[in-house]
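The data block below is target14.cif; it holds mmCIF, C-alpha atoms.
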data_query
loop_
_atom_site.label_atom_id
_atom_site.label_comp_id
_atom_site.auth_asym_id
_atom_site.auth_seq_id
_atom_site.Cartn_x
_atom_site.Cartn_y
_atom_site.Cartn_z
CA MET M 43 0.00 0.00 0.00
CA LYS M 44 1.35 3.41 -1.04
CA SER M 45 1.92 5.85 1.85
CA ALA M 46 0.41 9.35 1.71
CA ALA M 47 2.60 12.22 0.49
CA PRO M 48 3.88 14.64 3.14
CA ARG M 49 1.39 17.49 3.80
CA THR M 50 2.42 21.10 3.42
CA PRO M 51 1.13 23.94 5.67
CA ILE M 52 -1.08 25.03 2.72
CA ASP M 53 -2.57 21.55 2.49
CA ARG M 54 -3.26 21.63 6.21
CA THR M 55 -4.91 25.07 5.98
CA MET M 56 -7.08 23.98 3.03
CA ALA M 57 -8.04 20.79 4.84
CA LEU M 58 -9.02 22.76 7.91
CA ARG M 59 -11.04 25.14 5.74
CA ARG M 60 -12.84 22.22 4.10
CA LEU M 61 -13.52 20.73 7.52
CA ARG M 62 -14.85 24.05 8.81
CA THR M 63 -17.06 24.37 5.71
CA LEU M 64 -18.39 20.87 6.22
CA THR M 65 -19.10 21.53 9.90
CA LEU M 66 -20.86 24.82 9.16
CA GLY M 67 -22.84 23.25 6.31
CA THR M 68 -24.00 20.40 8.50
CA ALA M 69 -25.07 22.79 11.25
CA LEU M 70 -26.94 24.99 8.79
CA ALA M 71 -28.63 22.00 7.18
CA GLY M 72 -29.71 20.78 10.62
CA ALA M 73 -31.10 24.18 11.57
CA LEU M 74 -32.95 24.52 8.27
CA GLY M 75 -34.33 21.00 8.63
CA MET M 76 -35.58 21.77 12.13
CA VAL M 77 -37.30 24.95 10.93
CA GLY M 78 -38.82 23.15 7.96
CA PHE M 79 -40.01 20.14 9.95
CA GLY M 80 -41.37 22.37 12.69
CA SER M 81 -43.30 24.43 10.16
CA VAL M 82 -44.85 21.37 8.58
CA ALA M 83 -45.72 19.97 12.01
CA ALA M 84 -47.28 23.26 13.11
CA LEU M 85 -49.38 23.42 9.95
CA THR M 86 -50.59 19.83 10.05
CA TYR M 87 -50.92 18.84 13.73
CA ALA M 88 -54.44 19.50 15.01
CA GLY M 89 -53.36 19.80 18.61
CA LYS M 90 -55.43 19.15 21.70
CA ALA M 91 -58.63 20.77 22.82
CA SER M 92 -58.66 23.24 25.66
CA THR M 93 -59.00 21.60 29.05
CA THR M 94 -61.87 23.75 30.24
CA GLY M 95 -65.42 24.32 29.13
CA GLY M 96 -67.04 23.91 25.77
CA THR M 97 -67.95 20.75 23.94
CA VAL M 98 -64.82 20.38 21.87
CA ALA M 99 -64.26 16.78 20.94
CA ASP M 100 -61.54 14.88 22.70
CA ASN M 101 -59.05 13.78 20.08
CA SER M 102 -56.59 12.42 22.55
CA SER M 103 -57.02 8.79 21.59
CA PRO M 104 -53.69 7.15 20.90
CA THR M 105 -52.78 6.90 17.25
CA THR M 106 -51.33 3.46 17.56
CA THR M 107 -53.03 0.19 18.22
CA THR M 108 -52.48 -0.97 21.75
CA SER M 109 -52.78 -4.43 23.16
CA PRO M 110 -55.00 -4.69 26.19
CA ASP M 111 -53.03 -4.58 29.39
CA THR M 112 -54.24 -7.73 31.06
CA SER M 113 -52.13 -7.06 34.11
CA SER M 114 -54.26 -4.07 34.99
CA THR M 115 -57.64 -5.58 34.29
CA ALA M 116 -58.18 -6.74 37.84
CA THR M 117 -57.91 -3.19 39.13
CA ALA M 118 -59.87 -1.35 36.45
CA THR M 119 -62.06 1.24 38.16
CA PRO M 120 -64.33 3.94 36.89
CA SER M 121 -63.09 7.47 37.40
CA ALA M 122 -65.16 10.35 38.66
CA SER M 123 -63.43 12.78 36.37
CA THR M 124 -60.64 12.89 33.89
CA SER M 125 -57.64 15.03 33.14
CA SER M 126 -59.75 16.98 30.67
CA GLY M 127 -62.10 17.94 33.51
CA SER M 128 -65.19 16.53 31.82
CA SER M 129 -67.50 14.28 33.75
CA LEU M 130 -70.94 12.77 33.59
CA GLN M 131 -73.54 15.52 33.81
CA ALA M 132 -76.02 15.56 36.68
CA ALA M 133 -79.65 16.58 36.18
CA SER M 134 -80.59 20.07 37.32
CA GLN M 135 -83.17 18.61 39.72
CA THR M 136 -83.16 15.35 41.60
CA PRO M 137 -86.16 13.06 41.18
CA THR M 138 -88.85 13.08 43.83
CA ALA M 139 -91.20 10.54 45.29
CA THR M 140 -94.74 10.36 44.04
CA ALA M 141 -97.75 8.28 44.95
CA ARG M 142 -99.46 8.83 41.60
CA PRO M 143 -99.50 6.12 38.93
CA ALA M 144 -96.63 5.92 36.45
CA GLN M 145 -96.86 7.09 32.86
CA VAL M 146 -93.86 5.20 31.51
CA THR M 147 -91.41 2.49 32.59
CA THR M 148 -87.65 2.39 32.89
CA GLY M 149 -85.87 -0.93 33.05
CA GLY M 150 -83.45 -3.16 31.26
CA SER M 151 -84.08 -4.00 27.61
CA MET N 118 -101.01 14.45 28.12
CA ARG N 119 -100.94 12.34 24.98
CA ALA N 120 -98.98 9.16 24.45
CA ALA N 121 -97.85 6.83 21.68
CA THR N 122 -96.04 3.50 21.77
CA TRP N 123 -94.53 1.46 18.96
CA ARG N 124 -91.71 -0.97 18.19
CA ALA N 125 -88.38 0.08 16.75
CA LEU N 126 -84.68 -0.70 17.21
CA GLY N 127 -85.64 -4.15 18.49
CA THR N 128 -87.44 -2.66 21.49
CA SER N 129 -90.33 -0.42 22.53
CA VAL N 130 -90.52 3.31 21.91
CA HIS N 131 -92.69 5.42 24.23
CA LEU N 132 -93.56 9.01 23.53
CA LEU N 133 -95.37 11.36 25.90
CA VAL N 134 -96.29 14.89 24.86
CA GLU N 135 -97.84 17.71 26.83
CA GLY N 136 -98.76 21.00 25.23
CA GLY N 137 -98.05 19.98 21.66
CA ASP N 138 -99.15 17.96 18.67
CA LEU N 139 -98.53 14.24 19.22
CA ARG N 140 -98.52 13.39 15.52
CA ARG N 141 -95.79 15.88 14.74
CA ALA N 142 -93.76 14.75 17.70
CA ARG N 143 -94.10 11.12 16.67
CA GLU N 144 -93.01 11.88 13.13
CA ALA N 145 -89.91 13.63 14.45
CA VAL N 146 -89.07 10.74 16.75
CA SER N 147 -89.57 8.23 13.94
CA VAL N 148 -87.18 10.11 11.68
CA VAL N 149 -84.47 9.99 14.37
CA VAL N 150 -85.08 6.34 15.20
CA ASP N 151 -85.03 5.29 11.55
CA GLU N 152 -81.79 7.15 10.95
CA VAL N 153 -80.23 5.58 14.03
CA ASP N 154 -81.25 2.13 12.79
CA ARG N 155 -79.74 2.72 9.36
CA THR N 156 -76.60 4.22 10.83
CA TYR N 157 -75.47 2.12 13.75
CA SER N 158 -77.52 -1.04 14.06
CA ARG N 159 -75.12 -3.97 14.56
CA PHE N 160 -77.67 -6.38 13.16
CA ARG N 161 -78.20 -4.73 9.80
CA PRO N 162 -75.48 -5.77 7.37
CA ASP N 163 -76.11 -2.60 5.39
CA SER N 164 -75.82 -0.19 8.33
CA GLU N 165 -72.98 2.28 8.29
CA LEU N 166 -71.57 0.71 11.46
CA SER N 167 -71.58 -2.79 9.95
CA LEU N 168 -69.73 -1.47 6.91
CA LEU N 169 -67.22 0.27 9.17
CA ASN N 170 -66.65 -2.90 11.20
CA ALA N 171 -66.06 -4.76 7.95
CA ARG N 172 -63.26 -2.38 6.90
CA PRO N 173 -60.59 -2.60 9.59
CA GLY N 174 -57.15 -1.18 9.11
CA ARG N 175 -58.07 1.81 7.00
CA PRO N 176 -59.37 5.30 7.79
CA VAL N 177 -63.08 5.67 7.03
CA GLU N 178 -64.97 8.96 6.95
CA VAL N 179 -68.30 8.49 8.69
CA SER N 180 -71.59 10.40 8.78
CA PRO N 181 -72.17 13.08 11.42
CA LEU N 182 -74.56 10.78 13.32
CA LEU N 183 -72.14 7.86 13.45
CA ALA N 184 -69.32 10.22 14.42
CA ARG N 185 -71.44 11.55 17.27
CA ALA N 186 -72.35 8.04 18.43
CA ILE N 187 -68.73 6.92 18.38
CA GLU N 188 -67.60 10.09 20.13
CA GLU N 189 -70.15 9.57 22.92
CA ALA N 190 -69.24 5.90 23.28
CA LEU N 191 -65.52 6.67 23.53
CA ARG N 192 -66.25 9.43 26.00
CA GLY N 193 -68.25 6.97 28.08
CA ALA N 194 -65.40 4.50 28.01
CA ARG N 195 -62.95 7.17 29.11
CA LEU N 196 -65.16 8.46 31.91
CA SER N 197 -65.92 4.96 33.18
CA GLY N 198 -62.31 3.83 33.26
CA GLY N 199 -62.94 1.54 30.30
CA LEU N 200 -65.93 -0.27 31.80
CA ALA N 201 -68.53 1.00 29.33
CA ASP N 202 -66.46 0.16 26.29
CA PRO N 203 -67.77 0.09 22.69
CA THR N 204 -65.15 -2.39 21.48
CA VAL N 205 -67.21 -5.30 22.79
CA GLY N 206 -68.58 -6.04 19.31
CA GLY N 207 -66.35 -9.08 18.78
CA ALA N 208 -67.01 -10.40 22.29
CA MET N 209 -70.77 -10.04 21.74
CA ARG N 210 -70.48 -12.16 18.62
CA LEU N 211 -68.40 -14.80 20.44
CA ILE N 212 -71.00 -15.18 23.19
CA GLY N 213 -73.67 -15.70 20.55
CA TYR N 214 -75.30 -12.27 20.43
CA ASP N 215 -74.77 -11.90 16.71
CA ARG N 216 -78.30 -11.26 15.54
CA ASP N 217 -81.45 -9.48 16.56
CA PHE N 218 -82.36 -10.63 20.06
CA ASP N 219 -85.76 -11.96 19.01
CA ARG N 220 -83.95 -14.56 16.90
CA LEU N 221 -81.48 -15.73 19.56
CA ALA N 222 -83.92 -18.20 21.09
CA ASP N 223 -83.69 -20.29 17.91
CA LEU N 224 -80.05 -21.13 18.69
CA THR N 225 -79.32 -23.81 21.27
CA LYS N 226 -75.95 -25.21 20.22
CA PRO N 227 -73.42 -24.95 23.10
CA LEU N 228 -70.75 -22.31 22.78
CA GLU N 229 -67.10 -22.57 23.72
CA LEU N 230 -66.67 -19.54 25.97
CA ARG N 231 -63.14 -18.15 26.25
CA LEU N 232 -61.80 -15.61 28.69
CA GLN N 233 -60.39 -12.94 26.42
CA PRO N 234 -60.20 -9.22 27.28
CA ILE N 235 -61.70 -6.97 24.63
CA PRO N 236 -59.36 -4.79 22.51
CA GLY N 237 -60.23 -1.66 24.50
CA TRP N 238 -61.45 1.77 23.40
CA GLN N 239 -57.90 3.14 23.15
CA ALA N 240 -57.43 0.98 20.06
CA VAL N 241 -59.97 3.08 18.13
CA GLN N 242 -58.45 5.92 16.17
CA PHE N 243 -61.09 8.62 15.90
CA ASP N 244 -60.71 12.18 14.69
CA ALA N 245 -63.87 14.16 15.46
CA ARG N 246 -62.84 17.08 13.27
CA SER N 247 -62.53 15.07 10.08
CA ARG N 248 -65.07 12.43 11.27
CA THR N 249 -62.54 9.76 10.43
CA VAL N 250 -62.37 6.39 12.15
CA ARG N 251 -59.77 3.68 11.85
CA LEU N 252 -60.45 0.36 13.53
CA PRO N 253 -57.47 -1.94 13.91
CA SER N 254 -57.93 -5.49 12.73
CA GLY N 255 -59.91 -7.50 15.27
CA VAL N 256 -61.78 -4.51 16.68
CA GLU N 257 -65.55 -4.36 16.25
CA LEU N 258 -67.68 -1.57 17.65
CA ASP N 259 -71.01 -2.16 19.36
CA LEU N 260 -72.85 1.08 20.08
CA GLY N 261 -75.98 -0.62 21.33
CA SER N 262 -75.81 0.68 24.89
CA SER N 263 -74.91 4.35 24.64
CA GLY N 264 -76.34 4.46 21.12
CA LYS N 265 -79.86 3.70 22.30
CA ALA N 266 -79.55 6.40 24.94
CA LEU N 267 -78.26 8.85 22.34
CA ALA N 268 -81.29 8.03 20.20
CA SER N 269 -83.55 8.95 23.14
CA ASP N 270 -81.74 12.25 23.65
CA LEU N 271 -81.86 13.16 19.96
CA ALA N 272 -85.47 12.06 19.56
CA ALA N 273 -86.65 14.08 22.57
CA ASP N 274 -84.95 17.21 21.26
CA ALA N 275 -86.33 16.64 17.76
CA ALA N 276 -89.86 16.12 19.07
CA GLU N 277 -89.76 19.25 21.18
CA GLU N 278 -88.53 21.25 18.21
CA ALA N 279 -91.22 19.75 15.98
CA ILE N 280 -94.02 20.81 18.29
CA GLY N 281 -92.50 24.21 18.91
CA GLY N 282 -92.22 23.92 22.67
CA GLY N 283 -94.26 21.99 25.19
CA SER N 284 -93.01 19.00 27.13
CA VAL N 285 -91.72 15.77 25.65
CA LEU N 286 -90.58 12.45 27.06
CA VAL N 287 -89.08 9.73 24.88
CA GLY N 288 -88.32 6.28 26.24
CA ILE N 289 -86.49 3.77 24.06
CA GLY N 290 -86.04 0.39 25.68
CA GLY N 291 -86.21 1.95 29.13
CA ASP N 292 -83.75 4.76 28.37
CA ILE N 293 -85.75 7.91 29.04
CA ALA N 294 -84.92 11.43 27.85
CA THR N 295 -86.97 14.57 28.36
CA ALA N 296 -87.07 17.93 26.62
CA GLY N 297 -88.81 21.20 27.35
CA TYR N 298 -90.26 22.21 30.68
CA PRO N 299 -91.37 19.15 32.65
CA PRO N 300 -95.00 18.89 33.76
CA GLN N 301 -95.70 20.53 37.10
CA ASP N 302 -95.56 17.24 39.02
CA GLY N 303 -92.80 15.79 36.87
CA TRP N 304 -92.82 12.76 34.58
CA ARG N 305 -93.91 9.74 36.56
CA VAL N 306 -91.74 6.71 35.90
CA LEU N 307 -92.12 3.14 37.10
CA VAL N 308 -88.65 1.88 38.02
CA ALA N 309 -88.61 -1.77 37.05
CA GLU N 310 -86.10 -4.41 36.03
CA ASP N 311 -87.75 -4.93 32.65
CA SER N 312 -88.66 -1.93 30.50
CA ASN N 313 -91.56 -3.93 29.07
CA ALA N 314 -93.35 -3.84 32.44
CA ASP N 315 -96.68 -2.06 32.22
CA PRO N 316 -96.45 1.41 33.82
CA GLY N 317 -99.55 0.48 35.78
CA SER N 318 -97.75 -2.43 37.39
CA GLU N 319 -97.05 -2.45 41.06
CA GLY N 320 -93.66 -1.04 41.96
CA GLU N 321 -91.60 2.02 42.74
CA VAL N 322 -92.66 5.20 40.96
CA ILE N 323 -90.59 8.40 40.92
CA ALA N 324 -91.19 11.82 39.43
CA LEU N 325 -88.56 13.02 36.99
CA HIS N 326 -88.20 16.81 36.74
CA GLY N 327 -86.16 17.08 33.56
CA GLY N 328 -82.94 15.37 32.60
CA ALA N 329 -82.92 11.68 31.87
CA LEU N 330 -83.14 8.24 33.41
CA ALA N 331 -81.56 5.02 32.22
CA THR N 332 -81.48 1.47 33.55
CA SER N 333 -79.08 -1.37 32.86
CA SER N 334 -79.94 -4.88 33.93
CA THR N 335 -78.62 -8.40 33.63
CA THR N 336 -82.11 -9.78 34.18
CA VAL N 337 -83.33 -9.09 30.66
CA ARG N 338 -81.90 -9.87 27.25
CA ARG N 339 -80.69 -13.22 28.53
CA TRP N 340 -80.31 -16.41 26.53
CA ARG N 341 -78.94 -19.92 26.90
CA ARG N 342 -76.39 -21.80 24.85
CA GLY N 343 -75.95 -25.34 26.13
CA ASP N 344 -75.47 -25.14 29.88
CA SER N 345 -74.44 -21.48 29.83
CA ALA N 346 -76.82 -18.70 30.83
CA LEU N 347 -75.70 -15.54 29.06
CA HIS N 348 -76.62 -11.87 29.05
CA HIS N 349 -75.68 -8.80 27.06
CA LEU N 350 -73.55 -6.85 29.56
CA VAL N 351 -70.02 -7.89 28.68
CA ASP N 352 -67.18 -7.32 31.13
CA PRO N 353 -64.32 -5.74 29.13
CA ARG N 354 -61.80 -7.49 31.36
CA THR N 355 -63.00 -10.97 30.46
CA GLY N 356 -64.99 -10.61 27.25
CA LEU N 357 -67.74 -12.61 28.97
CA PRO N 358 -71.12 -11.66 30.49
CA ALA N 359 -70.42 -9.72 33.66
CA GLU N 360 -70.68 -11.25 37.10
CA SER N 361 -71.77 -8.45 39.39
CA PRO N 362 -73.27 -8.01 42.84
CA TRP N 363 -75.86 -5.81 41.07
CA ARG N 364 -78.49 -7.14 38.73
CA THR N 365 -80.13 -3.80 37.90
CA VAL N 366 -78.96 -0.19 38.19
CA SER N 367 -81.02 2.92 37.38
CA VAL N 368 -79.41 6.36 37.20
CA VAL N 369 -80.76 9.90 36.77
CA ALA N 370 -78.45 12.32 34.90
CA GLY N 371 -78.54 15.47 32.82
CA ASN N 372 -78.92 13.51 29.61
CA CYS N 373 -79.69 9.93 28.68
CA VAL N 374 -76.23 9.07 27.35
CA ASP N 375 -74.65 10.00 30.67
CA ALA N 376 -77.32 8.14 32.63
CA ASN N 377 -76.76 5.06 30.49
CA ILE N 378 -72.98 5.21 30.81
CA ALA N 379 -73.27 5.46 34.59
CA ALA N 380 -75.82 2.63 34.86
CA THR N 381 -73.84 0.28 32.63
CA ALA N 382 -70.50 1.05 34.29
CA ALA N 383 -72.04 0.67 37.75
CA ILE N 384 -73.02 -2.93 37.08
CA LEU N 385 -69.53 -3.66 35.79
CA ALA N 386 -67.85 -1.76 38.64
CA GLY N 387 -69.30 -4.18 41.17
CA SER N 388 -68.76 -3.23 44.80
CA LEU N 389 -67.11 0.06 43.80
CA ALA N 390 -70.29 1.32 42.13
CA PRO N 391 -72.00 3.07 45.09
CA ASP N 392 -68.95 5.18 45.94
CA TRP N 393 -68.33 6.00 42.29
CA LEU N 394 -71.92 7.11 41.68
CA THR N 395 -71.95 9.09 44.93
CA GLY N 396 -68.77 10.85 43.83
CA LEU N 397 -70.44 11.80 40.58
CA GLY N 398 -73.46 13.20 42.41
CA LEU N 399 -75.86 11.08 40.35
CA PRO N 400 -79.04 9.79 41.99
CA ALA N 401 -79.08 6.04 41.54
CA ARG N 402 -80.96 2.92 42.56
CA LEU N 403 -79.05 -0.34 42.67
CA VAL N 404 -80.70 -3.73 43.00
CA SER N 405 -78.41 -6.46 44.29
CA THR N 406 -78.57 -10.02 43.01
CA ASN N 407 -80.53 -11.00 46.13
CA GLY N 408 -83.05 -8.20 45.60
CA ASP N 409 -81.82 -5.66 48.16
CA ILE N 410 -82.33 -2.09 46.99
CA HIS N 411 -79.72 0.64 47.59
CA ARG N 412 -80.67 4.26 46.92
CA ILE N 413 -77.91 6.84 46.72
CA GLY N 414 -77.29 10.42 45.62
CA GLY N 415 -80.73 11.71 46.52
CA TRP N 416 -82.74 8.94 44.89
CA PRO N 417 -86.16 9.25 46.58
CA ILE N 418 -87.85 6.62 48.66
CA SER N 419 -91.18 6.36 46.94
CA SER N 420 -94.15 5.60 49.15
CA SER N 421 -95.19 2.91 46.70
CA ALA N 422 -91.88 1.14 47.34
CA CYS N 423 -92.90 0.63 50.98
CA VAL N 424 -96.51 -0.32 50.42
CA PRO N 425 -97.42 -4.00 50.26
CA ALA N 426 -98.75 -5.37 47.01
CA GLY N 427 -102.31 -4.53 46.11
CA VAL N 428 -102.83 -1.51 48.36
CA LEU N 429 -101.48 1.23 46.12
CA PRO N 430 -103.61 4.40 46.19
#
Representation of the structure as structure tokens:
Amino acid sequence: MKSAAPRTPIDRTMALRRLRTLTLGTALAGALGMVGFGSVAALTYAGKASTTGGTVADNSSPTTTTSPDTSSTATATPSASTSSGSSLQAASQTPTATARPAQVTTGGS
Amino acid sequence: MRAATWRALGTSVHLLVEGGDLRRAREAVSVVVDEVDRTYSRFRPDSELSLLNARPGRPVEVSPLLARAIEEALRGARLSGGLADPTVGGAMRLIGYDRDFDRLADLTKPLELRLQPIPGWQAVQFDARSRTVRLPSGVELDLGSSGKALASDLAADAAEEAIGGGSVLVGIGGDIATAGYPPQDGWRVLVAEDSNADPGSEGEVIALHGGALATSSTTVRRWRRGDSALHHLVDPRTGLPAESPWRTVSVVAGNCVDANIAATAAILAGSLAPDWLTGLGLPARLVSTNGDIHRIGGWPISSSACVPAGVLP
């Protein structure tokens, strides 16, 4: 195998300049890529609904299929509220007793 | 007060109207019920839901009504910690509930029941804004529970709008929604285990002053396959009919979907149900498997509930 020729100070300077150019180019490309990707993401990602008020749909479902976690099934419990603050809505008035005959029936079906 | 009753969605529809035209209200309710049947019946092969279930693995844009039904069902699953879960469609089929209930009695062949958790609501990819749904392979939606309650809510609103005010009550298979100002003494409802019970039957009667009332029960919609007694309330953790200390739960809430979610989840929550419902502030009546009745959250003690049979005023 042929050994490399001895390098002159000019060679070394040019090599350093090329290296500096490469480093700068890589950094610039990275920065431009980040700006570009960020712009595309900002334009296309719908984001999450506000956590308070309104009836905005909850789009927070995961976007990947998940296998059921069987290890947690024994402890599954209903929650009174969620991180979004929404909960089951109570009626404005509670029902009252009556001795009069019924007009309609509720029950399983 | 005028009333109408007819069959739809595999169950009974009851309509009560005060201060408005019954015919117009009935037409409005029928339009809603028919659209619900076409959109998310699991037993119609041509329903939009059946077509969606048949196309797993790809995004499908759905109608506004189906999007709303799916959104409510997923919300119910989230708020109930996954107990009221719409991804029980496959499990329902595996336990033999794969056709209209009236036709289940024809089947007697034993089934091989397997303990298999359902996929879970998190597996459903749903974008409300674009009304797009993607079901992974193996996931089938069943919107029968919250969907019936949603039909009651929508029908009551439609009927009230059709008559231009007044008071309306719509009951579909025992899921009751009201719209407009309630009658002065409220809507009087017999709280039974079977929604087919005649309102004049003996039992507990309460007055509903707006909002909604729904009941879930393991005592109805039952069938046998071989030695197995089955019912339609599937436990998401096992994929099998739920074993619960409660056989029937009735809940009053602001709307019928929420009442239905709470009633269904309460049966599946077992011993945790009373504390959960109390925390939500929802009046509820729970009937244990041995017939004991627990009233919580301001559920009234009706005088008729304490009177022996045959001496009701």
- [ ] Could you check which of N:Asp138, N:Asp311, N:Glu144, N:Asp274 is closest to chain M, using all atoms listed in the file?
- [x] N:Asp311
Open item on the list: For Ile323 in chain N, find every residue with an atom within 9 Å (counting only C-alpha atoms), except residues of its own chain fewer than 3 positions away, and show them as a list in words.
Closed with: Pro137, Thr138, Ala139, Thr140, Ala141, Arg142 and Ala144 of chain M; Gly303, Trp304, Arg305, Val306, Leu307, Val308, Trp416, Pro417, Ile418 and Ser419 of chain N
Residue subset to file, keeping C-alpha atoms, as a PDB file, keeping the file's coordinate frame:
ATOM      1  CA  PRO M 137     -86.160  13.060  41.180  1.00  0.00           C
ATOM      2  CA  THR M 138     -88.850  13.080  43.830  1.00  0.00           C
ATOM      3  CA  ALA M 139     -91.200  10.540  45.290  1.00  0.00           C
ATOM      4  CA  THR M 140     -94.740  10.360  44.040  1.00  0.00           C
ATOM      5  CA  ALA M 141     -97.750   8.280  44.950  1.00  0.00           C
ATOM      6  CA  ARG M 142     -99.460   8.830  41.600  1.00  0.00           C
ATOM      7  CA  ALA M 144     -96.630   5.920  36.450  1.00  0.00           C
TER       8      ALA M 144
ATOM      9  CA  GLY N 303     -92.800  15.790  36.870  1.00  0.00           C
ATOM     10  CA  TRP N 304     -92.820  12.760  34.580  1.00  0.00           C
ATOM     11  CA  ARG N 305     -93.910   9.740  36.560  1.00  0.00           C
ATOM     12  CA  VAL N 306     -91.740   6.710  35.900  1.00  0.00           C
ATOM     13  CA  LEU N 307     -92.120   3.140  37.100  1.00  0.00           C
ATOM     14  CA  VAL N 308     -88.650   1.880  38.020  1.00  0.00           C
ATOM     15  CA  TRP N 416     -82.740   8.940  44.890  1.00  0.00           C
ATOM     16  CA  PRO N 417     -86.160   9.250  46.580  1.00  0.00           C
ATOM     17  CA  ILE N 418     -87.850   6.620  48.660  1.00  0.00           C
ATOM     18  CA  SER N 419     -91.180   6.360  46.940  1.00  0.00           C
TER      19      SER N 419
END
Closest atom pairs, chain N residues within 6 Å of chain M, all atoms listed in the file, as a Markdown table:
| residue | atom | partner | partner_atom | distance |
| --- | --- | --- | --- | --- |
| N:Leu196 | CA | M:Ser121 | CA | 6.0 |
| N:Ser197 | CA | M:Pro120 | CA | 4.2 |
| N:Gly198 | CA | M:Pro120 | CA | 4.2 |
| N:Pro236 | CA | M:Pro110 | CA | 5.7 |
| N:Gln239 | CA | M:Ser103 | CA | 5.9 |
| N:Ala240 | CA | M:Thr107 | CA | 4.8 |
| N:Gln242 | CA | M:Thr105 | CA | 5.9 |
| N:Asp244 | CA | M:Asn101 | CA | 5.9 |
| N:Gly290 | CA | M:Ser151 | CA | 5.2 |
| N:Gly291 | CA | M:Thr148 | CA | 4.1 |
| N:Arg305 | CA | M:Ala144 | CA | 4.7 |
| N:Val306 | CA | M:Ala144 | CA | 5.0 |
| N:Leu307 | CA | M:Thr147 | CA | 4.6 |
| N:Val308 | CA | M:Thr148 | CA | 5.3 |
| N:Ala309 | CA | M:Gly149 | CA | 4.9 |
| N:Glu310 | CA | M:Gly149 | CA | 4.6 |
| N:Asp311 | CA | M:Gly149 | CA | 4.4 |
| N:Ser312 | CA | M:Gly149 | CA | 3.9 |
| N:Pro316 | CA | M:Val146 | CA | 5.1 |
| N:Ile323 | CA | M:Ala139 | CA | 4.9 |
| N:Ala324 | CA | M:Thr138 | CA | 5.1 |
| N:Leu325 | CA | M:Pro137 | CA | 4.8 |
| N:Gly328 | CA | M:Ala133 | CA | 5.0 |
| N:Thr332 | CA | M:Gly149 | CA | 5.0 |
| N:Ser333 | CA | M:Gly150 | CA | 5.0 |
| N:Ser334 | CA | M:Gly150 | CA | 4.7 |
| N:Val337 | CA | M:Gly150 | CA | 6.0 |
| N:Arg354 | CA | M:Thr115 | CA | 5.4 |
| N:Ala370 | CA | M:Ala132 | CA | 4.4 |
| N:Gly371 | CA | M:Ala133 | CA | 3.7 |
| N:Asp375 | CA | M:Leu130 | CA | 5.5 |
| N:Leu397 | CA | M:Ala122 | CA | 5.8 |
| N:Leu399 | CA | M:Ala132 | CA | 5.8 |
| N:Pro417 | CA | M:Ala139 | CA | 5.4 |
| N:Ser419 | CA | M:Ala139 | CA | 4.5 |
Since we have the selection now, will you write its residues out, keeping C-alpha atoms, as a short mmCIF file (atom, residue, chain, number, x, y, z; two decimals), in the frame of the given file?
data_model
loop_
_atom_site.label_atom_id
_atom_site.label_comp_id
_atom_site.auth_asym_id
_atom_site.auth_seq_id
_atom_site.Cartn_x
_atom_site.Cartn_y
_atom_site.Cartn_z
CA LEU N 196 -65.16 8.46 31.91
CA SER N 197 -65.92 4.96 33.18
CA GLY N 198 -62.31 3.83 33.26
CA PRO N 236 -59.36 -4.79 22.51
CA GLN N 239 -57.90 3.14 23.15
CA ALA N 240 -57.43 0.98 20.06
CA GLN N 242 -58.45 5.92 16.17
CA ASP N 244 -60.71 12.18 14.69
CA GLY N 290 -86.04 0.39 25.68
CA GLY N 291 -86.21 1.95 29.13
CA ARG N 305 -93.91 9.74 36.56
CA VAL N 306 -91.74 6.71 35.90
CA LEU N 307 -92.12 3.14 37.10
CA VAL N 308 -88.65 1.88 38.02
CA ALA N 309 -88.61 -1.77 37.05
CA GLU N 310 -86.10 -4.41 36.03
CA ASP N 311 -87.75 -4.93 32.65
CA SER N 312 -88.66 -1.93 30.50
CA PRO N 316 -96.45 1.41 33.82
CA ILE N 323 -90.59 8.40 40.92
CA ALA N 324 -91.19 11.82 39.43
CA LEU N 325 -88.56 13.02 36.99
CA GLY N 328 -82.94 15.37 32.60
CA THR N 332 -81.48 1.47 33.55
CA SER N 333 -79.08 -1.37 32.86
CA SER N 334 -79.94 -4.88 33.93
CA VAL N 337 -83.33 -9.09 30.66
CA ARG N 354 -61.80 -7.49 31.36
CA ALA N 370 -78.45 12.32 34.90
CA GLY N 371 -78.54 15.47 32.82
CA ASP N 375 -74.65 10.00 30.67
CA LEU N 397 -70.44 11.80 40.58
CA LEU N 399 -75.86 11.08 40.35
CA PRO N 417 -86.16 9.25 46.58
CA SER N 419 -91.18 6.36 46.94
#
TODO: For each of N:Leu183, N:Ala171, N:Ala331, N:Ile293, take the minimum atom-to-atom distance to Thr156 in chain N, counting all atoms listed in the file, then give the residue where this is smallest.
DONE: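 Using all atoms listed in the file, Thr156 in chain N sits closest to N:Leu183.
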Expanded to explicit residues, what is the PyMOL selection byres ((chain N and resi 367) around 6) for this file, as a compact mmCIF listing (two decimals) with C-alpha atoms, in the coordinates of the input?
# COMPACT_ATOMS: atom_id res chain seq x y z
CA ALA N 331 -81.56 5.02 32.22
CA THR N 332 -81.48 1.47 33.55
CA VAL N 366 -78.96 -0.19 38.19
CA VAL N 368 -79.41 6.36 37.20
CA ALA N 380 -75.82 2.63 34.86
CA ALA N 401 -79.08 6.04 41.54
CA ARG N 402 -80.96 2.92 42.56
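The two atoms in question, CA of Ser361 in chain N and CA of Tyr157 in chain N, are spaced 28.0 Å apart.
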